[in-house]
file entry-v8.txt (compact mmCIF, C-alpha atoms (C1' of nucleotides))
# COMPACT_ATOMS: atom_id res chain seq x y z
CA MET S 29 61.74 -6.13 68.85
CA SER S 30 59.40 -5.52 71.64
CA ASP S 31 55.93 -5.26 70.34
CA PRO S 32 54.27 -1.92 70.72
CA LYS S 33 52.06 -2.69 67.73
CA PRO S 34 50.48 -5.97 68.42
CA GLY S 35 48.35 -6.40 65.35
CA LEU S 36 45.84 -9.14 65.87
CA ASN S 37 46.53 -12.45 67.48
CA SER S 38 45.00 -15.54 66.03
CA GLU S 39 42.08 -15.48 68.41
CA GLN S 40 41.25 -11.97 67.34
CA LEU S 41 41.69 -12.80 63.71
CA GLY S 42 39.31 -15.71 64.08
CA ALA S 43 36.70 -13.60 65.80
CA TYR S 44 37.05 -10.87 63.18
CA PHE S 45 36.65 -13.26 60.27
CA ALA S 46 33.76 -15.05 61.91
CA LEU S 47 32.01 -11.76 62.53
CA MET S 48 32.38 -10.63 58.95
CA GLU S 49 31.33 -13.95 57.55
CA VAL S 50 28.32 -14.36 59.79
CA SER S 51 27.03 -10.87 59.16
CA SER S 52 27.63 -11.17 55.45
CA LEU S 53 25.77 -14.45 55.15
CA LEU S 54 22.99 -13.17 57.35
CA GLN S 55 22.55 -9.99 55.39
CA TYR S 56 22.61 -11.86 52.15
CA ALA S 57 19.90 -14.24 53.28
CA VAL S 58 17.74 -11.52 54.72
CA ASP S 59 18.14 -9.31 51.70
CA GLU S 60 17.16 -12.11 49.41
CA HIS S 61 14.00 -12.71 51.38
CA LEU S 62 13.06 -9.04 51.46
CA ARG S 63 13.44 -8.77 47.72
CA ALA S 64 11.48 -11.89 47.01
CA GLU S 65 8.73 -11.19 49.46
CA GLY S 66 8.39 -7.44 49.24
CA ASP S 67 10.64 -6.22 46.46
CA LEU S 68 12.61 -4.30 49.06
CA SER S 69 16.31 -3.83 49.47
CA TYR S 70 17.73 -4.03 52.96
CA VAL S 71 18.16 -0.27 53.05
CA GLN S 72 14.58 0.30 52.00
CA PHE S 73 13.44 -2.11 54.67
CA GLN S 74 15.45 -0.24 57.26
CA ILE S 75 13.95 3.06 56.20
CA LEU S 76 10.41 1.75 56.37
CA ALA S 77 11.02 -0.10 59.62
CA ARG S 78 12.38 3.04 61.22
CA LEU S 79 9.37 5.02 60.12
CA VAL S 80 6.95 2.41 61.37
CA ASP S 81 8.77 2.57 64.65
CA ALA S 82 8.76 6.35 64.87
CA PRO S 83 6.18 8.24 66.97
CA GLU S 84 3.62 9.03 64.30
CA GLY S 85 5.22 7.15 61.50
CA ARG S 86 7.12 10.23 60.49
CA LEU S 87 10.66 11.51 60.54
CA ARG S 88 12.63 14.31 58.99
CA MET S 89 14.85 13.32 56.08
CA THR S 90 17.93 14.27 58.03
CA ASP S 91 17.02 12.20 61.05
CA LEU S 92 16.29 9.30 58.76
CA ALA S 93 19.66 9.70 57.10
CA ASP S 94 21.37 9.80 60.47
CA GLY S 95 19.68 6.58 61.50
CA VAL S 96 20.09 4.52 58.40
CA VAL S 97 23.62 5.46 57.68
CA TYR S 98 24.29 7.03 54.41
CA SER S 99 24.48 10.01 52.18
CA ARG S 100 21.65 12.46 51.77
CA SER S 101 21.52 12.03 48.06
CA GLY S 102 21.30 8.29 48.57
CA LEU S 103 18.39 8.75 50.91
CA THR S 104 16.67 11.08 48.48
CA TYR S 105 17.06 8.43 45.83
CA GLN S 106 15.62 5.69 48.00
CA ALA S 107 12.86 7.91 49.28
CA GLY S 108 12.00 8.68 45.68
CA LEU S 109 11.62 4.98 44.96
CA LEU S 110 9.50 4.36 48.04
CA ASP S 111 7.39 7.41 47.29
CA LYS S 112 6.79 6.26 43.75
CA ARG S 113 5.50 2.98 45.14
CA GLY S 114 3.22 4.76 47.56
CA LEU S 115 4.95 3.37 50.62
CA ILE S 116 5.87 6.74 52.03
CA SER S 117 4.82 10.32 51.46
CA ARG S 118 6.82 13.48 51.76
CA SER S 119 5.71 16.93 52.76
CA PRO S 120 7.39 20.12 53.87
CA SER S 121 7.68 20.62 57.59
CA PRO S 122 5.44 23.31 59.06
CA ASP S 123 8.10 24.17 61.63
CA ASP S 124 11.01 24.56 59.29
CA GLU S 125 10.31 25.17 55.67
CA ARG S 126 13.61 23.67 54.69
CA SER S 127 12.82 20.30 56.16
CA VAL S 128 10.90 17.47 54.62
CA ILE S 129 8.80 15.17 56.74
CA VAL S 130 8.61 11.59 55.60
CA THR S 131 5.58 9.55 56.62
CA VAL S 132 4.84 5.87 56.15
CA THR S 133 1.61 5.29 54.34
CA ASP S 134 -0.81 2.51 55.18
CA ALA S 135 0.55 0.60 52.23
CA GLY S 136 4.00 0.96 53.71
CA ARG S 137 2.85 -0.35 57.04
CA GLU S 138 1.12 -3.23 55.36
CA LEU S 139 4.18 -4.14 53.41
CA ILE S 140 6.34 -4.18 56.51
CA ALA S 141 3.74 -6.23 58.33
CA HIS S 142 3.68 -8.60 55.41
CA VAL S 143 7.42 -8.97 55.26
CA LEU S 144 8.39 -8.87 58.90
CA PRO S 145 7.43 -12.38 60.03
CA GLY S 146 9.48 -14.03 57.33
CA HIS S 147 12.33 -11.67 57.97
CA VAL S 148 12.34 -12.51 61.63
CA ASP S 149 12.04 -16.19 60.83
CA ARG S 150 15.14 -16.10 58.71
CA VAL S 151 17.11 -14.33 61.37
CA HIS S 152 15.90 -16.77 63.94
CA GLN S 153 16.70 -19.76 61.83
CA LEU S 154 20.17 -18.66 60.84
CA LEU S 155 21.34 -16.86 63.90
CA PHE S 156 19.50 -18.08 66.95
CA GLU S 157 18.15 -21.53 66.22
CA SER S 158 21.17 -23.31 67.56
CA MET S 159 22.25 -20.68 70.02
CA PRO S 160 21.91 -21.46 73.71
CA GLY S 161 20.54 -18.79 76.00
CA GLU S 162 23.84 -17.99 77.65
CA ASP S 163 25.40 -17.39 74.26
CA LEU S 164 22.64 -15.05 73.31
CA THR S 165 23.03 -13.04 76.45
CA ALA S 166 26.78 -12.89 76.09
CA LEU S 167 26.65 -12.00 72.41
CA GLY S 168 24.20 -9.21 72.95
CA ALA S 169 26.21 -7.77 75.79
CA ILE S 170 29.53 -7.94 73.99
CA LEU S 171 28.27 -6.50 70.73
CA GLY S 172 26.40 -3.81 72.59
CA ARG S 173 29.61 -2.71 74.23
CA VAL S 174 31.44 -2.78 70.93
CA ARG S 175 28.78 -0.71 69.30
CA ASP S 176 29.02 1.87 72.03
CA HIS S 177 32.75 1.94 71.63
CA MET S 178 32.46 2.42 67.89
CA ARG S 179 29.91 5.13 68.23
CA ALA S 180 32.13 6.95 70.68
CA ALA S 181 34.68 7.52 67.94
CA PRO S 182 32.40 7.93 64.96
CA PRO S 183 34.17 6.70 61.87
CA ARG S 184 31.38 7.70 59.62
CA SER S 185 29.08 10.34 60.96
CA ALA S 186 32.20 12.37 61.50
CA LYS S 187 32.04 13.74 58.04
CA PRO S 188 28.69 13.37 56.36
CA ARG S 189 28.35 17.06 56.09
CA ALA S 190 28.22 18.97 59.29
CA ALA S 191 31.58 18.79 60.96
CA ARG S 192 30.22 20.89 63.72
CA ASN S 193 32.39 20.69 66.74
CA ARG S 194 34.32 23.73 65.81
CA THR S 195 36.98 23.38 68.39
CA SER S 196 37.73 27.03 68.54
CA MET X 30 6.77 -21.92 77.19
CA SER X 31 5.67 -23.72 74.15
CA ASP X 32 6.09 -21.21 71.48
CA PRO X 33 5.49 -22.45 68.00
CA LYS X 34 6.18 -19.11 66.37
CA PRO X 35 8.60 -17.40 68.58
CA GLY X 36 9.67 -14.56 66.37
CA LEU X 37 12.48 -12.79 68.12
CA ASN X 38 12.37 -11.68 71.71
CA SER X 39 13.83 -8.35 72.61
CA GLU X 40 17.14 -9.85 73.61
CA GLN X 41 17.46 -11.50 70.24
CA LEU X 42 16.40 -8.37 68.44
CA GLY X 43 19.02 -6.40 70.30
CA ALA X 44 21.74 -8.88 69.46
CA TYR X 45 20.67 -8.97 65.82
CA PHE X 46 20.70 -5.21 65.46
CA ALA X 47 23.98 -4.89 67.29
CA LEU X 48 25.55 -7.49 65.04
CA MET X 49 24.40 -5.77 61.88
CA GLU X 50 25.42 -2.37 63.09
CA VAL X 51 28.84 -3.43 64.32
CA SER X 52 29.69 -5.32 61.17
CA SER X 53 28.42 -2.53 58.99
CA LEU X 54 30.46 0.13 60.75
CA LEU X 55 33.49 -2.10 60.81
CA GLN X 56 33.27 -2.92 57.16
CA TYR X 57 32.76 0.69 56.28
CA ALA X 58 35.84 1.77 58.20
CA VAL X 59 38.00 -1.00 56.85
CA ASP X 60 36.83 -0.47 53.31
CA GLU X 61 37.62 3.19 53.53
CA HIS X 62 41.13 2.46 54.68
CA LEU X 63 41.76 -0.10 51.98
CA ARG X 64 40.66 2.30 49.28
CA ALA X 65 42.72 5.14 50.63
CA GLU X 66 45.81 3.09 51.28
CA GLY X 67 45.77 0.63 48.43
CA ASP X 68 42.94 1.58 46.10
CA LEU X 69 41.34 -1.74 46.90
CA SER X 70 37.74 -2.60 47.57
CA TYR X 71 37.02 -5.02 50.36
CA VAL X 72 36.28 -7.78 47.88
CA GLN X 73 39.54 -7.20 46.09
CA PHE X 74 41.37 -7.30 49.37
CA GLN X 75 39.71 -10.58 50.22
CA ILE X 76 40.69 -12.07 46.89
CA LEU X 77 44.31 -11.03 47.25
CA ALA X 78 44.48 -12.06 50.89
CA ARG X 79 43.15 -15.48 50.06
CA LEU X 80 45.71 -15.92 47.34
CA VAL X 81 48.55 -14.80 49.56
CA ASP X 82 47.35 -17.34 52.05
CA ALA X 83 47.05 -20.16 49.55
CA PRO X 84 49.79 -22.81 49.15
CA GLU X 85 51.73 -21.33 46.28
CA GLY X 86 49.84 -18.13 45.98
CA ARG X 87 47.51 -19.71 43.50
CA LEU X 88 43.93 -20.88 43.31
CA ARG X 89 41.45 -21.89 40.67
CA MET X 90 38.86 -19.29 39.79
CA THR X 91 36.11 -21.54 41.06
CA ASP X 92 37.74 -22.14 44.42
CA LEU X 93 38.30 -18.44 44.74
CA ALA X 94 34.66 -17.76 43.96
CA ASP X 95 33.61 -20.32 46.53
CA GLY X 96 35.73 -18.68 49.18
CA VAL X 97 34.99 -15.06 48.57
CA VAL X 98 31.32 -15.46 48.08
CA TYR X 99 29.89 -14.32 44.88
CA SER X 100 29.01 -14.85 41.31
CA ARG X 101 31.46 -16.10 38.76
CA SER X 102 30.96 -13.16 36.49
CA GLY X 103 31.60 -10.88 39.43
CA LEU X 104 34.84 -12.65 40.16
CA THR X 105 35.87 -12.48 36.52
CA TYR X 106 35.23 -8.77 36.63
CA GLN X 107 37.30 -8.25 39.76
CA ALA X 108 40.05 -10.55 38.55
CA GLY X 109 40.15 -8.49 35.38
CA LEU X 110 40.74 -5.37 37.39
CA LEU X 111 43.43 -6.95 39.54
CA ASP X 112 45.07 -8.44 36.48
CA LYS X 113 45.13 -5.09 34.75
CA ARG X 114 46.93 -3.67 37.75
CA GLY X 115 49.46 -6.47 37.72
CA LEU X 116 48.45 -7.75 41.13
CA ILE X 117 47.51 -11.20 39.91
CA SER X 118 48.11 -13.25 36.81
CA ARG X 119 45.90 -15.84 35.18
CA SER X 120 46.87 -18.88 33.23
CA PRO X 121 45.12 -22.03 32.06
CA SER X 122 45.46 -25.01 34.33
CA PRO X 123 47.66 -27.82 33.04
CA ASP X 124 45.45 -30.40 34.72
CA ASP X 125 42.14 -29.22 33.43
CA GLU X 126 42.10 -27.08 30.36
CA ARG X 127 38.82 -25.55 31.40
CA SER X 128 40.18 -24.13 34.59
CA VAL X 129 42.07 -20.92 35.13
CA ILE X 130 44.72 -20.65 37.79
CA VAL X 131 45.04 -17.31 39.48
CA THR X 132 48.37 -16.40 41.02
CA VAL X 133 49.36 -13.42 43.13
CA THR X 134 52.23 -11.52 41.69
CA ASP X 135 55.00 -10.00 43.76
CA ALA X 136 53.31 -6.66 43.33
CA GLY X 137 50.15 -8.17 44.75
CA ARG X 138 52.01 -9.52 47.75
CA GLU X 139 53.65 -6.19 48.30
CA LEU X 140 50.38 -4.36 48.16
CA ILE X 141 48.84 -6.67 50.73
CA ALA X 142 51.90 -6.32 52.92
CA HIS X 143 51.64 -2.59 52.57
CA VAL X 144 47.98 -2.48 53.45
CA LEU X 145 47.68 -5.16 56.07
CA PRO X 146 49.15 -3.40 59.10
CA GLY X 147 46.78 -0.48 58.80
CA HIS X 148 43.91 -2.81 58.14
CA VAL X 149 44.67 -4.78 61.23
CA ASP X 150 45.12 -1.61 63.21
CA ARG X 151 41.68 -0.41 62.31
CA VAL X 152 40.10 -3.69 63.25
CA HIS X 153 41.99 -3.67 66.49
CA GLN X 154 41.03 -0.16 67.30
CA LEU X 155 37.37 -0.50 66.52
CA LEU X 156 36.67 -4.03 67.56
CA PHE X 157 39.14 -5.17 70.16
CA GLU X 158 40.60 -2.12 71.81
CA SER X 159 38.05 -2.04 74.57
CA MET X 160 37.26 -5.73 74.61
CA PRO X 161 38.34 -7.76 77.60
CA GLY X 162 39.92 -11.14 77.02
CA GLU X 163 36.94 -13.13 78.19
CA ASP X 164 34.73 -11.29 75.77
CA LEU X 165 37.06 -12.04 72.93
CA THR X 166 37.12 -15.71 73.73
CA ALA X 167 33.36 -15.87 74.09
CA LEU X 168 32.71 -13.87 70.95
CA GLY X 169 34.98 -16.03 68.86
CA ALA X 170 33.44 -19.21 70.16
CA ILE X 171 29.86 -18.08 69.68
CA LEU X 172 30.36 -16.68 66.22
CA GLY X 173 32.33 -19.74 65.23
CA ARG X 174 29.41 -21.94 66.17
CA VAL X 175 26.99 -19.70 64.32
CA ARG X 176 29.12 -19.79 61.24
CA ASP X 177 29.21 -23.55 61.32
CA HIS X 178 25.48 -23.61 61.71
CA MET X 179 25.01 -21.29 58.77
CA ARG X 180 27.35 -23.22 56.61
CA ALA X 181 25.53 -26.42 57.40
CA ALA X 182 22.46 -25.12 55.64
CA PRO X 183 24.07 -23.12 52.88
CA PRO X 184 21.84 -20.22 51.98
CA ARG X 185 24.02 -19.10 49.17
CA SER X 186 26.31 -21.72 47.78
CA ALA X 187 23.22 -23.80 47.33
CA LYS X 188 22.51 -22.22 44.02
CA PRO X 189 25.47 -20.51 42.50
CA ARG X 190 24.93 -22.39 39.37
CA ALA X 191 24.39 -26.08 39.58
CA ALA X 192 21.65 -27.43 41.76
CA ARG X 193 19.10 -27.33 39.06
CA ASN X 194 17.25 -29.85 41.08
CA ARG X 195 14.75 -30.57 38.41
CA THR X 196 11.69 -31.35 40.42
CA SER X 197 10.03 -33.17 37.63
C1' DT D 27 25.55 -33.42 29.16
C1' DA D 28 27.97 -30.96 32.85
C1' DT D 29 31.47 -27.81 34.17
C1' DT D 30 34.71 -23.75 33.78
C1' DG D 31 35.17 -19.32 32.69
C1' DT D 32 34.17 -15.07 29.87
C1' DT D 33 31.35 -11.59 27.80
C1' DA D 34 27.47 -8.56 26.87
C1' DT D 35 24.13 -6.18 28.88
C1' DA D 36 21.25 -3.96 31.83
C1' DC D 37 20.38 -2.30 36.25
C1' DT D 38 20.97 -0.81 41.12
C1' DC D 39 23.23 1.75 44.10
C1' DT D 40 26.32 5.29 45.82
C1' DA D 41 28.97 9.44 46.10
C1' DT D 42 30.27 14.16 44.63
C1' DA D 43 29.26 18.52 43.49
C1' DA D 44 26.32 22.06 42.00
C1' DC D 45 22.03 24.00 42.95
C1' DT D 46 17.68 26.07 45.35
C1' DA D 47 15.42 27.48 49.38
C1' DT D 48 15.01 28.65 53.85
C1' DA D 49 17.11 29.98 58.73
C1' DT P 3 26.79 32.03 56.41
C1' DA P 4 24.93 27.49 57.53
C1' DT P 5 21.47 24.04 56.92
C1' DA P 6 17.85 20.95 54.36
C1' DG P 7 17.03 18.71 50.49
C1' DT P 8 17.20 17.76 45.40
C1' DT P 9 19.33 16.90 41.04
C1' DA P 10 22.71 15.76 37.58
C1' DT P 11 26.15 12.94 36.67
C1' DA P 12 29.33 9.59 36.66
C1' DG P 13 31.27 5.40 38.29
C1' DA P 14 31.55 0.94 40.70
C1' DG P 15 29.59 -3.26 41.30
C1' DT P 16 26.39 -7.03 40.48
C1' DA P 17 23.50 -10.42 38.35
C1' DT P 18 21.61 -12.84 34.34
C1' DA P 19 21.93 -15.06 30.30
C1' DA P 20 24.21 -16.40 26.26
C1' DC P 21 28.42 -18.19 24.83
C1' DA P 22 32.83 -21.11 23.87
C1' DA P 23 35.72 -24.62 25.27
C1' DT P 24 36.82 -28.70 27.69
C1' DA P 25 35.56 -33.01 30.50
call {"tool": "encode", "arguments": {"input": "entry-v8.txt", "output": "structure tokens"}}
result
Amino acid sequence: MSDPKPGLNSEQLGAYFALMEVSSLLQYAVDEHLRAEGDLSYVQFQILARLVDAPEGRLRMTDLADGVVYSRSGLTYQAGLLDKRGLISRSPSPDDERSVIVTVTDAGRELIAHVLPGHVDRVHQLLFESMPGEDLTALGAILGRVRDHMRAAPPRSAKPRAARNRTS
Amino acid sequence: MSDPKPGLNSEQLGAYFALMEVSSLLQYAVDEHLRAEGDLSYVQFQILARLVDAPEGRLRMTDLADGVVYSRSGLTYQAGLLDKRGLISRSPSPDDERSVIVTVTDAGRELIAHVLPGHVDRVHQLLFESMPGEDLTALGAILGRVRDHMRAAPPRSAKPRAARNRTS
DNA sequence: TATTGTTATACTCTATAACTATA
DNA sequence: TATAGTTATAGAGTATAACAATA
């Protein structure tokens, strides 16, 4: 009975549960605010926020799907909703006729601007209000390393469609 | 450094994004495993795990709903599914005829036992594999404090049903 | 009247696969 | 053939409100 398969010790279990609970409560709170204040789901907010952040407010559908993580059809669905509301516009790419370029409209920018302060307030209030500076620094560093580790062995992007990496 | 409306500084933003990304990737990976290995959603796993962990494998519906966080109708729906599969059983409480006591069946315990090692492995691999001991300790402590802080001002349980708070 | 739980319903979201078109 | 995106469809999950029964 040596222990080649350690499982999780109680410290790890505690950290795991705390992580899941904190993120779940945070996302719930933030989502609720976004819906109330801007009639946006968290995913829609992420899409718009990414566009606002992008060079000219525009990204290809594929790049958008890679950033916000999920299926292409899901992104098409969400983009359809945002388009219908006039928050984004879509047009074929001049470079590659297959591609679609998504652009935030002014209305989209305004909505994000309208929603962002409250969003940030909620995050601040729930996550950082009672957090000392050293904790913040440590948390950011630790989670940053974990994220890098997770990205190194992509559990998700590994199979969205491409599966390039033909090893032969 | 007076800063009445601080928003989030870049360190906070980074920590916030890292937290959301890490938890999202982790949940995605774990969910995928649970479905493949036990045909369980994450919520269903949480319900069963809580029951397995409870004194005699039994809890009231309400207490279960309070733990796993969501609506009563949602819990009824999930309990219906688990019941149909023979993983739990439901019976009226002897103490309070309104209440329903949920109990894990042997099959439910077996399924959790079957699924848990792989679950734990995934968490270990993604979250802890590359994490030094000091990081683990710090992460657990920080997130524990945050959770307590969040729970102190309940953003969710505040309104599951009661709390009509008639302002009249 | 308040609480426990269920049900009916309607809606959002997501994934899969088939499809079109461009490269 | 491989890639970009859309569409059709089907299913899971969720929330709300109305409901019945008990406290």
call {"tool": "interface_residues", "arguments": {"input": "entry-v8.txt", "of": "chain X", "to": "chain P", "cutoff": "12 Å", "atoms": "all atoms listed in the file", "output": "list in words"}}
result
Leu69, Ser70, Tyr71, Val72, Gln73, Tyr99, Ser100, Arg101, Ser102, Gly103, Leu104, Thr105, Tyr106, Gln107, Leu110, Pro121, Ser122, Asp124, Asp125, Glu126, Arg127, Ser128, Val129, Pro189 and Arg190 of chain X
call {"tool": "calpha_fit_rmsd", "arguments": {"input": "entry-v8.txt", "fixed": "chain S", "moving": "chain X"}}
result
1.9 Å
call {"tool": "interface_residues", "arguments": {"input": "entry-v8.txt", "of": "chain D", "to": "chain S", "cutoff": "10 Å", "atoms": "all atoms listed in the file", "output": "list in words"}}
result
DC39, DT40, DA41, DT42, DA47, DT48 and DA49 of chain D
call {"tool": "axis_aligned_box", "arguments": {"input": "entry-v8.txt", "around": "range 14-23 of chain P", "padding_each_side": "3 Å", "output": "AutoDock Vina command-line options"}}
result
--center_x 28.7 --center_y -11.8 --center_z 32.6 --size_x 20.1 --size_y 31.6 --size_z 23.4
call {"tool": "atom_distance", "arguments": {"input": "entry-v8.txt", "atom1": "CA of Gly66 in chain S", "atom2": "CA of Asp149 in chain S"}}
result
15.0 Å
call {"tool": "residues_near_point", "arguments": {"input": "entry-v8.txt", "point": "(23.6, -15.0, 61.1)", "cutoff": "6 Å", "atoms": "all atoms listed in the file", "output": "list in words"}}
result
Val50, Ser51, Leu54, Leu154 and Leu155 of chain S
call {"tool": "closest_atom_pairs", "arguments": {"input": "entry-v8.txt", "of": "chain S", "to": "chain X", "cutoff": "8 Å", "atoms": "only C-alpha atoms", "output": "tab-separated table"}}
result
residue	atom	partner	partner_atom	distance
S:Gly35	CA	X:Val149	CA	5.8
S:Leu36	CA	X:Val149	CA	6.5
S:Glu39	CA	X:Gly169	CA	7.1
S:Gln40	CA	X:Leu165	CA	7.0
S:Gly42	CA	X:Gly169	CA	6.5
S:Ala43	CA	X:Gly169	CA	4.3
S:Tyr44	CA	X:Val152	CA	7.8
S:Ala46	CA	X:Leu172	CA	5.7
S:Leu47	CA	X:Leu172	CA	6.4
S:Met48	CA	X:Ser52	CA	6.4
S:Glu49	CA	X:Arg176	CA	7.3
S:Val50	CA	X:Arg176	CA	5.7
S:Ser51	CA	X:Met49	CA	6.4
S:Leu53	CA	X:Pro184	CA	7.7
S:Gln55	CA	X:Met49	CA	8.0
S:Tyr56	CA	X:Arg185	CA	8.0
S:Ala57	CA	X:Pro184	CA	6.4
S:Pro145	CA	X:Gly36	CA	7.1
S:Val148	CA	X:Gly36	CA	5.8
S:Asp149	CA	X:Gly36	CA	6.2
S:Val151	CA	X:Tyr45	CA	7.8
S:His152	CA	X:Leu37	CA	6.7
S:Leu154	CA	X:Met179	CA	5.9
S:Leu155	CA	X:Val175	CA	6.3
S:Phe156	CA	X:Gln41	CA	7.6
S:Ser158	CA	X:His178	CA	7.3
S:Met159	CA	X:Val175	CA	7.5
S:Asp163	CA	X:Ile171	CA	6.4
S:Leu164	CA	X:Gln41	CA	7.0
S:Thr165	CA	X:Glu40	CA	7.3
S:Ala166	CA	X:Ala167	CA	7.5
S:Leu167	CA	X:Leu168	CA	6.5
S:Gly168	CA	X:Ala44	CA	4.3
S:Ala169	CA	X:Ala44	CA	7.8
S:Ile170	CA	X:Asp164	CA	6.4
S:Leu171	CA	X:Ala47	CA	5.7
S:Gly172	CA	X:Ala47	CA	5.9
S:Val174	CA	X:Leu156	CA	6.3
S:Arg175	CA	X:Val51	CA	5.7
S:His177	CA	X:Ser159	CA	7.3
S:Met178	CA	X:Leu155	CA	5.9
S:Pro183	CA	X:Ala58	CA	6.4
S:Arg184	CA	X:Ala58	CA	7.6
call {"tool": "write_last_selection", "arguments": {"input": "entry-v8.txt", "atoms": "C-alpha atoms", "output": "PDB file, keeping the file's coordinate frame"}}
result
ATOM      1  CA  GLY S  35      48.350  -6.400  65.350  1.00  0.00           C
ATOM      2  CA  LEU S  36      45.840  -9.140  65.870  1.00  0.00           C
ATOM      3  CA  GLU S  39      42.080 -15.480  68.410  1.00  0.00           C
ATOM      4  CA  GLN S  40      41.250 -11.970  67.340  1.00  0.00           C
ATOM      5  CA  GLY S  42      39.310 -15.710  64.080  1.00  0.00           C
ATOM      6  CA  ALA S  43      36.700 -13.600  65.800  1.00  0.00           C
ATOM      7  CA  TYR S  44      37.050 -10.870  63.180  1.00  0.00           C
ATOM      8  CA  ALA S  46      33.760 -15.050  61.910  1.00  0.00           C
ATOM      9  CA  LEU S  47      32.010 -11.760  62.530  1.00  0.00           C
ATOM     10  CA  MET S  48      32.380 -10.630  58.950  1.00  0.00           C
ATOM     11  CA  GLU S  49      31.330 -13.950  57.550  1.00  0.00           C
ATOM     12  CA  VAL S  50      28.320 -14.360  59.790  1.00  0.00           C
ATOM     13  CA  SER S  51      27.030 -10.870  59.160  1.00  0.00           C
ATOM     14  CA  LEU S  53      25.770 -14.450  55.150  1.00  0.00           C
ATOM     15  CA  GLN S  55      22.550  -9.990  55.390  1.00  0.00           C
ATOM     16  CA  TYR S  56      22.610 -11.860  52.150  1.00  0.00           C
ATOM     17  CA  ALA S  57      19.900 -14.240  53.280  1.00  0.00           C
ATOM     18  CA  PRO S 145       7.430 -12.380  60.030  1.00  0.00           C
ATOM     19  CA  VAL S 148      12.340 -12.510  61.630  1.00  0.00           C
ATOM     20  CA  ASP S 149      12.040 -16.190  60.830  1.00  0.00           C
ATOM     21  CA  VAL S 151      17.110 -14.330  61.370  1.00  0.00           C
ATOM     22  CA  HIS S 152      15.900 -16.770  63.940  1.00  0.00           C
ATOM     23  CA  LEU S 154      20.170 -18.660  60.840  1.00  0.00           C
ATOM     24  CA  LEU S 155      21.340 -16.860  63.900  1.00  0.00           C
ATOM     25  CA  PHE S 156      19.500 -18.080  66.950  1.00  0.00           C
ATOM     26  CA  SER S 158      21.170 -23.310  67.560  1.00  0.00           C
ATOM     27  CA  MET S 159      22.250 -20.680  70.020  1.00  0.00           C
ATOM     28  CA  ASP S 163      25.400 -17.390  74.260  1.00  0.00           C
ATOM     29  CA  LEU S 164      22.640 -15.050  73.310  1.00  0.00           C
ATOM     30  CA  THR S 165      23.030 -13.040  76.450  1.00  0.00           C
ATOM     31  CA  ALA S 166      26.780 -12.890  76.090  1.00  0.00           C
ATOM     32  CA  LEU S 167      26.650 -12.000  72.410  1.00  0.00           C
ATOM     33  CA  GLY S 168      24.200  -9.210  72.950  1.00  0.00           C
ATOM     34  CA  ALA S 169      26.210  -7.770  75.790  1.00  0.00           C
ATOM     35  CA  ILE S 170      29.530  -7.940  73.990  1.00  0.00           C
ATOM     36  CA  LEU S 171      28.270  -6.500  70.730  1.00  0.00           C
ATOM     37  CA  GLY S 172      26.400  -3.810  72.590  1.00  0.00           C
ATOM     38  CA  VAL S 174      31.440  -2.780  70.930  1.00  0.00           C
ATOM     39  CA  ARG S 175      28.780  -0.710  69.300  1.00  0.00           C
ATOM     40  CA  HIS S 177      32.750   1.940  71.630  1.00  0.00           C
ATOM     41  CA  MET S 178      32.460   2.420  67.890  1.00  0.00           C
ATOM     42  CA  PRO S 183      34.170   6.700  61.870  1.00  0.00           C
ATOM     43  CA  ARG S 184      31.380   7.700  59.620  1.00  0.00           C
TER      44      ARG S 184
END
call {"tool": "atom_distance", "arguments": {"input": "entry-v8.txt", "atom1": "CA of Ile141 in chain X", "atom2": "CA of Ala78 in chain X"}}
result
6.9 Å
call {"tool": "atom_distance", "arguments": {"input": "entry-v8.txt", "atom1": "CA of Ser117 in chain S", "atom2": "C1' of DA44 in chain D"}}
result
26.3 Å
call {"tool": "residues_around", "arguments": {"input": "entry-v8.txt", "residues": "Val132 in chain S", "least_positions_apart": "4", "cutoff": "6 Å", "atoms": "only C-alpha atoms (C1' of nucleotides)", "output": "PyMOL selection string"}}
result
chain S and resi 85+116+136
call {"tool": "residues_around", "arguments": {"input": "entry-v8.txt", "residues": "Ile129 in chain S", "least_positions_apart": "6", "cutoff": "7 Å", "atoms": "all atoms listed in the file", "output": "PyMOL selection string"}}
result
chain S and resi 86-89+118-121
call {"tool": "build_atoms", "arguments": {"input": "entry-v8.txt", "residues": "range 153-158 of chain X", "atoms": "N, CA and C atoms", "output": "compact mmCIF listing (two decimals), keeping the file's coordinate frame"}}
result
# COMPACT_ATOMS: atom_id res chain seq x y z
N HIS X 153 41.63 -3.64 65.07
CA HIS X 153 41.99 -3.67 66.49
C HIS X 153 41.36 -2.52 67.24
N GLN X 154 41.51 -1.37 66.65
CA GLN X 154 41.03 -0.16 67.30
C GLN X 154 39.52 -0.15 67.49
N LEU X 155 38.83 -0.57 66.45
CA LEU X 155 37.37 -0.50 66.52
C LEU X 155 36.76 -1.66 67.28
N LEU X 156 37.34 -2.83 67.06
CA LEU X 156 36.67 -4.03 67.56
C LEU X 156 37.23 -4.52 68.89
N PHE X 157 38.54 -4.47 69.03
CA PHE X 157 39.14 -5.17 70.16
C PHE X 157 39.72 -4.26 71.24
N GLU X 158 39.93 -3.02 70.90
CA GLU X 158 40.60 -2.12 71.81
C GLU X 158 40.01 -2.18 73.22
